[in-house]
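J.: As input, take upload-v4.pdb (PDB, C-alpha atoms and all ligand atoms):
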```
ATOM      1  CA  MET A  47      43.947  27.286 -84.883
ATOM      2  CA  GLU A  48      40.763  27.110 -82.774
ATOM      3  CA  GLU A  49      42.826  26.365 -79.681
ATOM      4  CA  LEU A  50      45.045  29.439 -80.291
ATOM      5  CA  ILE A  51      41.978  31.633 -80.903
ATOM      6  CA  LYS A  52      40.562  30.392 -77.577
ATOM      7  CA  GLU A  53      43.805  31.327 -75.761
ATOM      8  CA  LEU A  54      44.163  34.738 -77.443
ATOM      9  CA  LYS A  55      40.552  35.596 -76.536
ATOM     10  CA  LYS A  56      41.538  35.351 -72.865
ATOM     11  CA  LEU A  57      43.690  38.465 -73.357
ATOM     12  CA  PRO A  58      42.014  41.778 -72.452
ATOM     13  CA  GLY A  59      40.392  43.539 -75.413
ATOM     14  CA  ILE A  60      40.777  40.615 -77.865
ATOM     15  CA  GLY A  61      37.664  39.071 -79.422
ATOM     16  CA  SER A  62      37.320  36.237 -81.972
ATOM     17  CA  ASP A  63      37.889  38.551 -84.964
ATOM     18  CA  GLY A  64      40.918  40.184 -83.344
ATOM     19  CA  ALA A  65      42.398  36.789 -82.442
ATOM     20  CA  ARG A  66      41.992  35.582 -86.021
ATOM     21  CA  ARG A  67      43.562  38.773 -87.401
ATOM     22  CA  ILE A  68      46.582  38.383 -85.072
ATOM     23  CA  ILE A  69      47.096  34.783 -86.193
ATOM     24  CA  PHE A  70      46.896  35.645 -89.921
ATOM     25  CA  TYR A  71      49.216  38.616 -89.358
ATOM     26  CA  LEU A  72      51.813  36.384 -87.688
ATOM     27  CA  MET A  73      51.419  33.712 -90.377
ATOM     28  CA  GLY A  74      52.257  36.406 -92.926
ATOM     29  CA  LYS A  75      55.324  37.499 -90.944
ATOM     30  CA  GLY A  76      56.838  34.022 -90.455
ATOM     31  CA  ALA A  77      58.835  32.209 -87.761
ATOM     32  CA  ALA A  78      61.468  34.928 -87.149
ATOM     33  CA  GLU A  79      58.832  37.472 -86.145
ATOM     34  CA  VAL A  80      57.064  34.954 -83.876
ATOM     35  CA  ASP A  81      60.396  34.180 -82.154
ATOM     36  CA  ARG A  82      61.161  37.893 -81.741
ATOM     37  CA  LEU A  83      57.731  38.585 -80.243
ATOM     38  CA  THR A  84      57.924  35.561 -77.928
ATOM     39  CA  ALA A  85      61.328  36.696 -76.620
ATOM     40  CA  LEU A  86      60.066  40.259 -76.167
ATOM     41  CA  ILE A  87      56.962  39.097 -74.281
ATOM     42  CA  LYS A  88      59.143  36.940 -72.021
ATOM     43  CA  SER A  89      61.653  39.714 -71.286
ATOM     44  CA  THR A  90      58.905  42.268 -70.647
ATOM     45  CA  VAL A  91      56.274  40.219 -68.851
ATOM     46  CA  VAL A  92      58.292  37.561 -67.052
ATOM     47  CA  ASP A  93      61.789  38.963 -66.491
ATOM     48  CA  TYR A  94      60.780  42.351 -65.140
ATOM     49  CA  LYS A  95      61.868  43.876 -61.827
ATOM     50  CA  ILE A  96      59.900  46.053 -59.424
ATOM     51  CA  CYS A  97      61.775  49.277 -58.623
ATOM     52  CA  SER A  98      62.675  49.177 -54.925
ATOM     53  CA  GLU A  99      62.266  52.954 -54.689
ATOM     54  CA  CYS A 100      58.991  53.736 -56.492
ATOM     55  CA  GLY A 101      57.287  50.408 -57.352
ATOM     56  CA  ASN A 102      57.493  50.966 -61.138
ATOM     57  CA  ILE A 103      58.262  47.953 -63.321
ATOM     58  CA  SER A 104      61.567  48.029 -65.120
ATOM     59  CA  ARG A 105      64.478  45.927 -66.378
ATOM     60  CA  VAL A 106      66.760  47.684 -63.902
ATOM     61  CA  ASP A 107      66.449  48.592 -60.215
ATOM     62  CA  PRO A 108      66.153  51.524 -59.490
ATOM     63  CA  CYS A 109      64.036  52.173 -62.566
ATOM     64  CA  GLU A 110      64.928  54.546 -65.424
ATOM     65  CA  ILE A 111      62.746  57.303 -63.921
ATOM     66  CA  CYS A 112      64.192  57.148 -60.359
ATOM     67  CA  SER A 113      67.769  57.039 -61.687
ATOM     68  CA  ASN A 114      67.295  59.845 -64.247
ATOM     69  CA  PRO A 115      69.206  62.933 -62.990
ATOM     70  CA  LEU A 116      67.027  65.198 -65.152
ATOM     71  CA  ARG A 117      63.820  64.355 -63.233
ATOM     72  CA  ASP A 118      62.607  66.939 -60.719
ATOM     73  CA  LYS A 119      63.080  65.242 -57.339
ATOM     74  CA  SER A 120      61.086  67.917 -55.507
ATOM     75  CA  LYS A 121      57.819  66.495 -56.900
ATOM     76  CA  LEU A 122      56.377  63.091 -56.050
ATOM     77  CA  CYS A 123      53.266  61.916 -57.883
ATOM     78  CA  ILE A 124      51.531  58.982 -56.182
ATOM     79  CA  VAL A 125      49.516  56.744 -58.501
ATOM     80  CA  GLU A 126      47.561  53.560 -57.908
ATOM     81  CA  ASP A 127      49.243  51.312 -60.466
ATOM     82  CA  VAL A 128      51.931  51.115 -63.145
ATOM     83  CA  GLU A 129      49.400  51.659 -65.943
ATOM     84  CA  ALA A 130      48.532  55.068 -64.482
ATOM     85  CA  LEU A 131      52.242  55.933 -64.295
ATOM     86  CA  MET A 132      52.748  54.931 -67.931
ATOM     87  CA  ASN A 133      49.778  56.975 -69.061
ATOM     88  CA  ILE A 134      51.077  60.104 -67.292
ATOM     89  CA  GLU A 135      54.537  59.480 -68.775
ATOM     90  CA  THR A 136      53.024  59.221 -72.267
ATOM     91  CA  SER A 137      51.449  62.650 -71.792
ATOM     92  CA  GLY A 138      54.986  64.086 -71.436
ATOM     93  CA  TYR A 139      53.609  66.736 -69.103
ATOM     94  CA  TYR A 140      55.194  65.673 -65.818
ATOM     95  CA  ASP A 141      58.895  65.675 -64.989
ATOM     96  CA  GLY A 142      58.906  64.651 -61.312
ATOM     97  CA  LEU A 143      59.192  61.244 -59.648
ATOM     98  CA  TYR A 144      56.452  58.681 -58.921
ATOM     99  CA  HIS A 145      55.332  56.272 -56.284
ATOM    100  CA  VAL A 146      53.191  53.295 -57.359
ATOM    101  CA  MET A 147      50.852  52.151 -54.573
ATOM    102  CA  MET A 148      49.573  48.809 -55.844
ATOM    103  CA  THR A 149      50.830  45.810 -57.753
ATOM    104  CA  HIS A 150      48.525  44.341 -60.380
ATOM    105  CA  ARG A 151      47.911  41.294 -58.217
ATOM    106  CA  GLN A 152      46.675  43.460 -55.345
ATOM    107  CA  ILE A 153      44.350  45.524 -57.530
ATOM    108  CA  PHE A 154      42.680  42.346 -58.715
ATOM    109  CA  SER A 155      42.548  40.651 -55.288
ATOM    110  CA  THR A 156      41.932  43.070 -52.412
ATOM    111  CA  GLY A 157      41.414  46.370 -54.263
ATOM    112  CA  GLU A 158      43.260  48.332 -51.596
ATOM    113  CA  PRO A 159      46.866  48.696 -50.417
ATOM    114  CA  ASP A 160      48.131  46.656 -47.460
ATOM    115  CA  ASP A 161      50.298  47.865 -44.541
ATOM    116  CA  GLU A 162      53.518  47.050 -46.398
ATOM    117  CA  GLN A 163      52.490  49.273 -49.312
ATOM    118  CA  GLN A 164      51.719  52.154 -46.967
ATOM    119  CA  GLU A 165      55.061  51.681 -45.162
ATOM    120  CA  ASN A 166      56.858  51.724 -48.538
ATOM    121  CA  LEU A 167      55.275  55.072 -49.359
ATOM    122  CA  THR A 168      56.116  56.536 -45.928
ATOM    123  CA  ARG A 169      59.746  55.385 -46.389
ATOM    124  CA  HIS A 170      59.900  56.859 -49.906
ATOM    125  CA  ILE A 171      58.596  60.242 -48.656
ATOM    126  CA  ASN A 172      61.082  60.271 -45.762
ATOM    127  CA  GLU A 173      63.992  59.475 -48.106
ATOM    128  CA  LEU A 174      63.033  61.767 -50.974
ATOM    129  CA  LYS A 175      61.681  64.711 -48.920
ATOM    130  CA  PRO A 176      59.633  66.144 -51.815
ATOM    131  CA  SER A 177      58.384  69.725 -51.543
ATOM    132  CA  GLU A 178      55.179  68.743 -53.369
ATOM    133  CA  ILE A 179      53.164  65.542 -53.267
ATOM    134  CA  ILE A 180      50.648  65.086 -56.078
ATOM    135  CA  ILE A 181      47.977  62.442 -55.539
ATOM    136  CA  GLY A 182      46.904  60.963 -58.870
ATOM    137  CA  THR A 183      44.229  58.423 -57.931
ATOM    138  CA  SER A 184      41.180  57.637 -60.065
ATOM    139  CA  PRO A 185      37.754  59.155 -59.344
ATOM    140  CA  ASN A 186      36.102  55.843 -58.413
ATOM    141  CA  VAL A 187      35.581  53.673 -55.316
ATOM    142  CA  THR A 188      38.965  51.883 -55.561
ATOM    143  CA  GLY A 189      40.707  55.208 -56.215
ATOM    144  CA  GLN A 190      39.074  56.695 -53.139
ATOM    145  CA  LEU A 191      40.167  53.752 -50.916
ATOM    146  CA  ILE A 192      43.717  54.143 -52.196
ATOM    147  CA  TYR A 193      43.514  57.912 -51.620
ATOM    148  CA  PHE A 194      42.733  57.373 -47.905
ATOM    149  CA  ALA A 195      45.601  54.859 -47.608
ATOM    150  CA  ILE A 196      47.940  57.416 -49.223
ATOM    151  CA  MET A 197      46.840  60.138 -46.803
ATOM    152  CA  ASP A 198      47.518  57.800 -43.839
ATOM    153  CA  ALA A 199      50.989  57.049 -45.205
ATOM    154  CA  ILE A 200      51.731  60.774 -45.667
ATOM    155  CA  LYS A 201      50.591  61.485 -42.092
ATOM    156  CA  ALA A 202      52.905  58.717 -40.823
ATOM    157  CA  SER A 203      55.996  60.255 -42.489
ATOM    158  CA  ASP A 204      58.445  62.531 -40.642
ATOM    159  CA  HIS A 205      58.776  64.808 -43.666
ATOM    160  CA  LYS A 206      56.047  67.403 -44.108
ATOM    161  CA  PRO A 207      55.807  68.504 -47.768
ATOM    162  CA  GLY A 208      55.065  72.192 -48.423
ATOM    163  CA  LYS A 209      52.249  71.318 -50.784
ATOM    164  CA  ILE A 210      49.904  68.356 -51.209
ATOM    165  CA  THR A 211      47.764  68.456 -54.332
ATOM    166  CA  ARG A 212      45.325  66.097 -55.968
ATOM    167  CA  PHE A 213      44.459  65.576 -59.640
ATOM    168  CA  ALA A 214      41.443  67.669 -60.623
ATOM    169  CA  TYR A 215      38.316  65.741 -61.536
ATOM    170  CA  GLY A 216      35.709  66.965 -63.921
ATOM    171  CA  LEU A 217      35.014  67.332 -67.593
ATOM    172  CA  PRO A 218      37.042  65.381 -70.133
ATOM    173  CA  ALA A 219      38.639  67.441 -72.922
ATOM    174  CA  GLY A 220      36.554  67.824 -76.066
ATOM    175  CA  ILE A 221      33.198  67.204 -74.385
ATOM    176  CA  HIS A 222      30.325  69.699 -74.573
ATOM    177  CA  VAL A 223      28.955  70.633 -71.140
ATOM    178  CA  GLU A 224      25.420  69.641 -72.162
ATOM    179  CA  HIS A 225      26.628  66.066 -72.808
ATOM    180  CA  ALA A 226      28.529  65.613 -69.515
ATOM    181  CA  ASP A 227      27.206  63.003 -67.088
ATOM    182  CA  LYS A 228      26.023  64.093 -63.621
ATOM    183  CA  THR A 229      29.043  62.693 -61.719
ATOM    184  CA  SER A 230      31.558  64.494 -63.960
ATOM    185  CA  LEU A 231      29.589  67.730 -63.692
ATOM    186  CA  HIS A 232      29.430  67.507 -59.889
ATOM    187  CA  ALA A 233      33.188  66.876 -59.786
ATOM    188  CA  ALA A 234      33.882  69.723 -62.229
ATOM    189  CA  ILE A 235      31.967  72.124 -59.985
ATOM    190  CA  ASP A 236      33.497  70.771 -56.734
ATOM    191  CA  PHE A 237      37.064  70.904 -58.083
ATOM    192  CA  ARG A 238      36.734  74.148 -60.067
ATOM    193  CA  ALA A 239      40.097  75.860 -60.503
ATOM    194  CA  PRO A 240      40.919  79.541 -60.057
ATOM    195  CA  VAL A 241      41.516  81.490 -63.257
ATOM    196  CA  GLU A 242      44.455  83.839 -63.274
ATOM    197  CA  PHE A 243      44.344  86.968 -65.401
ATOM    198  CA  TYR A 244      47.470  88.757 -66.538
ATOM    199  CA  GLU A 245      47.607  92.263 -67.949
ATOM    200  CA  ASN A 246      47.065  91.071 -71.494
ATOM    201  CA  ALA A 247      43.993  89.149 -70.253
ATOM    202  CA  LYS A 248      45.429  85.760 -71.197
ATOM    203  CA  ILE A 249      44.133  82.926 -69.074
ATOM    204  CA  SER A 250      46.862  80.742 -67.617
ATOM    205  CA  SER A 251      46.691  77.244 -66.225
ATOM    206  CA  ALA A 252      49.183  75.810 -63.755
ATOM    207  CA  ARG A 253      51.684  73.294 -65.074
ATOM    208  CA  ILE A 254      52.401  70.400 -62.747
TER
HETATM  209 ZN    ZN B 301      61.613  53.825 -59.647
END
```
Now, as a test, write the supplied structure out as structure tokens.
Ligand SMILES: [Zn+2]

T.:
Amino acid sequence: MEELIKELKKLPGIGSDGARRIIFYLMGKGAAEVDRLTALIKSTVVDYKICSECGNISRVDPCEICSNPLRDKSKLCIVEDVEALMNIETSGYYDGLYHVMMTHRQIFSTGEPDDEQQENLTRHINELKPSEIIIGTSPNVTGQLIYFAIMDAIKASDHKPGKITRFAYGLPAGIHVEHADKTSLHAAIDFRAPVEFYENAKISSARI
């Protein structure tokens, strides 16, 4: 058991207690559940494909998002990695297409996209011809490097989108202004959004 605990602890977010709990949980479930999980891990982690259009990971190419006729093809959201894409998808608030800039291996090795990645984005923009490009990079050093690479790729494309927007940075939901850190406050002030008043004085916010 110690050897398995040691291996499980190598996984992100798993400590000794968590590893032990997982093992006891699986012991309680029995061999069938272990086989099912092993097969699922293999099919998800090993047998995946990278979508040749957007860079998402999927069991099919093109991925379920690119091949979904209900998605709004006039919007292209460019994110740094698949985890960001999945998080936006979970929010259920975006119905356009995506472009994933980096593979996991690249994020961990160089931290910035290479020429091939930029060319892939330029090709995707030329093929899709979106009317809006939304840049969804993170507000940190890696995100900023990727942002510049994205801008270069957009400049290199023949298609000129009507609108290029970027995710707003600032205060996280639920936080009180007095508890916000300096960086978030600076960003919130820099990226402040216009407030639109209608006749009934309701404040509206734009939906992406
Ligand atoms: Zn795709």

J.: Could you give me the residues within 10 Å of ligand ZN 301 (chain B), counting only C-alpha atoms and all ligand atoms, as a PDB file with C-alpha atoms, in the frame of the given file?

T.:
```
ATOM      1  CA  ILE A  96      59.900  46.053 -59.424  1.00  0.00           C
ATOM      2  CA  CYS A  97      61.775  49.277 -58.623  1.00  0.00           C
ATOM      3  CA  SER A  98      62.675  49.177 -54.925  1.00  0.00           C
ATOM      4  CA  GLU A  99      62.266  52.954 -54.689  1.00  0.00           C
ATOM      5  CA  CYS A 100      58.991  53.736 -56.492  1.00  0.00           C
ATOM      6  CA  GLY A 101      57.287  50.408 -57.352  1.00  0.00           C
ATOM      7  CA  ASN A 102      57.493  50.966 -61.138  1.00  0.00           C
ATOM      8  CA  ILE A 103      58.262  47.953 -63.321  1.00  0.00           C
ATOM      9  CA  SER A 104      61.567  48.029 -65.120  1.00  0.00           C
ATOM     10  CA  VAL A 106      66.760  47.684 -63.902  1.00  0.00           C
ATOM     11  CA  ASP A 107      66.449  48.592 -60.215  1.00  0.00           C
ATOM     12  CA  PRO A 108      66.153  51.524 -59.490  1.00  0.00           C
ATOM     13  CA  CYS A 109      64.036  52.173 -62.566  1.00  0.00           C
ATOM     14  CA  GLU A 110      64.928  54.546 -65.424  1.00  0.00           C
ATOM     15  CA  ILE A 111      62.746  57.303 -63.921  1.00  0.00           C
ATOM     16  CA  CYS A 112      64.192  57.148 -60.359  1.00  0.00           C
ATOM     17  CA  SER A 113      67.769  57.039 -61.687  1.00  0.00           C
ATOM     18  CA  ASN A 114      67.295  59.845 -64.247  1.00  0.00           C
ATOM     19  CA  LEU A 143      59.192  61.244 -59.648  1.00  0.00           C
ATOM     20  CA  TYR A 144      56.452  58.681 -58.921  1.00  0.00           C
ATOM     21  CA  HIS A 145      55.332  56.272 -56.284  1.00  0.00           C
ATOM     22  CA  VAL A 146      53.191  53.295 -57.359  1.00  0.00           C
TER      23      VAL A 146
END
```

J.: Restricting the calculation to all atoms listed in the file, which member of A:Ile69, A:Ile60, A:Pro240, A:Ala77 is positioned closest to A:Glu48?

T.: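 With all atoms listed in the file as the atom set, the closest residue is A:Ile69.
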
J.: With distances taken over all atoms listed in the file, which residue among A:Ser137, A:His222, A:Glu178, A:Glu162 lies nearest A:Ala195?

T.: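 Of the candidates, the smallest distance to A:Ala195 is held by A:Glu162.
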
J.: Report the residues retrieved by the PyMOL selection byres (((chain A and resi 130) around 12) and not hetatm) from the displayed file, expressed as number ranges by chain.

T.: A: 102, 123-129, 131-137, 144-150, 181-184, 189

J.: Can you tell me how far atom CA of A:Ile180 sits from atom CA of A:His232, in Å to one decimal?

T.: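 Spanning atom CA of A:Ile180 to atom CA of A:His232 is a straight-line distance of 21.7 Å.
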
J.: Within 12 Å of A:Phe237, counting only C-alpha atoms, which residues qualify if same-chain residues fewer than 3 places away don't, as a VMD selection string?

T.: chain A and resid 185 211 to 217 230 to 234 240

J.: Point out the residue among A:Glu49, A:Asp227, A:Thr168, A:Pro207 with the least atom-to-atom distance to A:Ser62, counting only C-alpha atoms.

T.: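 For A:Ser62, the nearest of the given residues is A:Glu49.
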
J.: Would you work out the distance separating atom CA of A:Lys206 from atom CA of A:Asn186, expressed in Å to one decimal?

T.: 27.1 Å

J.: With only C-alpha atoms as the counted atoms, please give the residues lying no more than 10 Å from stretch 87-93 of chain A, apart from itself and same-chain residues fewer than 2 positions off, as a ChimeraX atom specification.

T.: /A:81-85,95,103-105

J.: What is the distance, in Å and to one decimal place, between atom CA of A:Lys75 and atom CA of A:Asp63?

T.: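 Between atom CA of A:Lys75 and atom CA of A:Asp63 the gap is 18.5 Å.
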
J.: Go through A:Asp161, A:Val223, A:Asp118, A:Met197 one by one, measure the shortest atom-to-atom distance of each to A:Tyr140 using only C-alpha atoms, and give the residue with the smallest value.

T.: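 Checking each of A:Asp161, A:Val223, A:Asp118, A:Met197 against A:Tyr140, counting only C-alpha atoms, the winner is A:Asp118.
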
J.: Write out N, CA and C atoms for stretch 186-217 of chain A, as a short mmCIF file (atom, residue, chain, number, x, y, z; two decimals), in the frame of the given file.

T.:
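Wrote part_28.cif, looks like this:
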```cif
data_model
loop_
_atom_site.label_atom_id
_atom_site.label_comp_id
_atom_site.auth_asym_id
_atom_site.auth_seq_id
_atom_site.Cartn_x
_atom_site.Cartn_y
_atom_site.Cartn_z
N ASN A 186 37.07 56.94 -58.60
CA ASN A 186 36.10 55.84 -58.41
C ASN A 186 36.31 55.24 -57.02
N VAL A 187 35.55 54.19 -56.69
CA VAL A 187 35.58 53.67 -55.32
C VAL A 187 36.98 53.17 -54.95
N THR A 188 37.61 52.39 -55.84
CA THR A 188 38.97 51.88 -55.56
C THR A 188 39.94 53.05 -55.39
N GLY A 189 39.82 54.04 -56.29
CA GLY A 189 40.71 55.21 -56.22
C GLY A 189 40.56 55.94 -54.89
N GLN A 190 39.34 55.99 -54.39
CA GLN A 190 39.07 56.70 -53.14
C GLN A 190 39.68 55.92 -51.95
N LEU A 191 39.56 54.58 -51.98
CA LEU A 191 40.17 53.75 -50.92
C LEU A 191 41.68 53.95 -50.90
N ILE A 192 42.27 53.96 -52.09
CA ILE A 192 43.72 54.14 -52.20
C ILE A 192 44.10 55.55 -51.73
N TYR A 193 43.26 56.52 -52.05
CA TYR A 193 43.51 57.91 -51.62
C TYR A 193 43.63 57.98 -50.09
N PHE A 194 42.69 57.33 -49.38
CA PHE A 194 42.73 57.37 -47.90
C PHE A 194 44.00 56.68 -47.37
N ALA A 195 44.38 55.57 -48.02
CA ALA A 195 45.60 54.86 -47.61
C ALA A 195 46.83 55.75 -47.82
N ILE A 196 46.83 56.50 -48.93
CA ILE A 196 47.94 57.42 -49.22
C ILE A 196 48.02 58.51 -48.15
N MET A 197 46.86 59.07 -47.81
CA MET A 197 46.84 60.14 -46.80
C MET A 197 47.38 59.63 -45.46
N ASP A 198 47.01 58.39 -45.09
CA ASP A 198 47.52 57.80 -43.84
C ASP A 198 49.04 57.67 -43.89
N ALA A 199 49.54 57.23 -45.05
CA ALA A 199 50.99 57.05 -45.20
C ALA A 199 51.71 58.39 -45.14
N ILE A 200 51.11 59.43 -45.72
CA ILE A 200 51.73 60.77 -45.67
C ILE A 200 51.77 61.26 -44.22
N LYS A 201 50.65 61.05 -43.50
CA LYS A 201 50.59 61.48 -42.09
C LYS A 201 51.65 60.78 -41.26
N ALA A 202 51.95 59.51 -41.61
CA ALA A 202 52.90 58.72 -40.82
C ALA A 202 54.36 59.11 -41.11
N SER A 203 54.60 59.91 -42.14
CA SER A 203 56.00 60.26 -42.49
C SER A 203 56.50 61.41 -41.62
N ASP A 204 57.83 61.45 -41.42
CA ASP A 204 58.44 62.53 -40.64
C ASP A 204 58.52 63.81 -41.47
N HIS A 205 58.64 63.64 -42.79
CA HIS A 205 58.78 64.81 -43.67
C HIS A 205 57.40 65.43 -43.94
N LYS A 206 57.31 66.72 -43.81
CA LYS A 206 56.05 67.40 -44.11
C LYS A 206 56.23 68.22 -45.39
N PRO A 207 55.64 67.77 -46.51
CA PRO A 207 55.81 68.50 -47.77
C PRO A 207 55.10 69.87 -47.71
N GLY A 208 55.66 70.85 -48.43
CA GLY A 208 55.06 72.19 -48.42
C GLY A 208 53.68 72.19 -49.05
N LYS A 209 53.48 71.29 -50.01
CA LYS A 209 52.25 71.32 -50.78
C LYS A 209 51.77 69.89 -51.04
N ILE A 210 50.49 69.64 -50.81
CA ILE A 210 49.90 68.36 -51.21
C ILE A 210 48.75 68.69 -52.15
N THR A 211 48.83 68.17 -53.37
CA THR A 211 47.76 68.46 -54.33
C THR A 211 47.15 67.14 -54.81
N ARG A 212 46.00 67.28 -55.46
CA ARG A 212 45.32 66.10 -55.97
C ARG A 212 44.88 66.38 -57.40
N PHE A 213 44.92 65.38 -58.26
CA PHE A 213 44.46 65.58 -59.64
C PHE A 213 43.05 66.15 -59.63
N ALA A 214 42.79 67.11 -60.51
CA ALA A 214 41.44 67.67 -60.62
C ALA A 214 40.53 66.66 -61.32
N TYR A 215 39.31 66.59 -60.87
CA TYR A 215 38.32 65.74 -61.54
C TYR A 215 37.36 66.65 -62.29
N GLY A 216 36.71 66.13 -63.26
CA GLY A 216 35.71 66.96 -63.92
C GLY A 216 35.47 66.58 -65.35
N LEU A 217 35.41 67.58 -66.21
CA LEU A 217 35.01 67.33 -67.59
C LEU A 217 36.18 66.86 -68.45
#
```
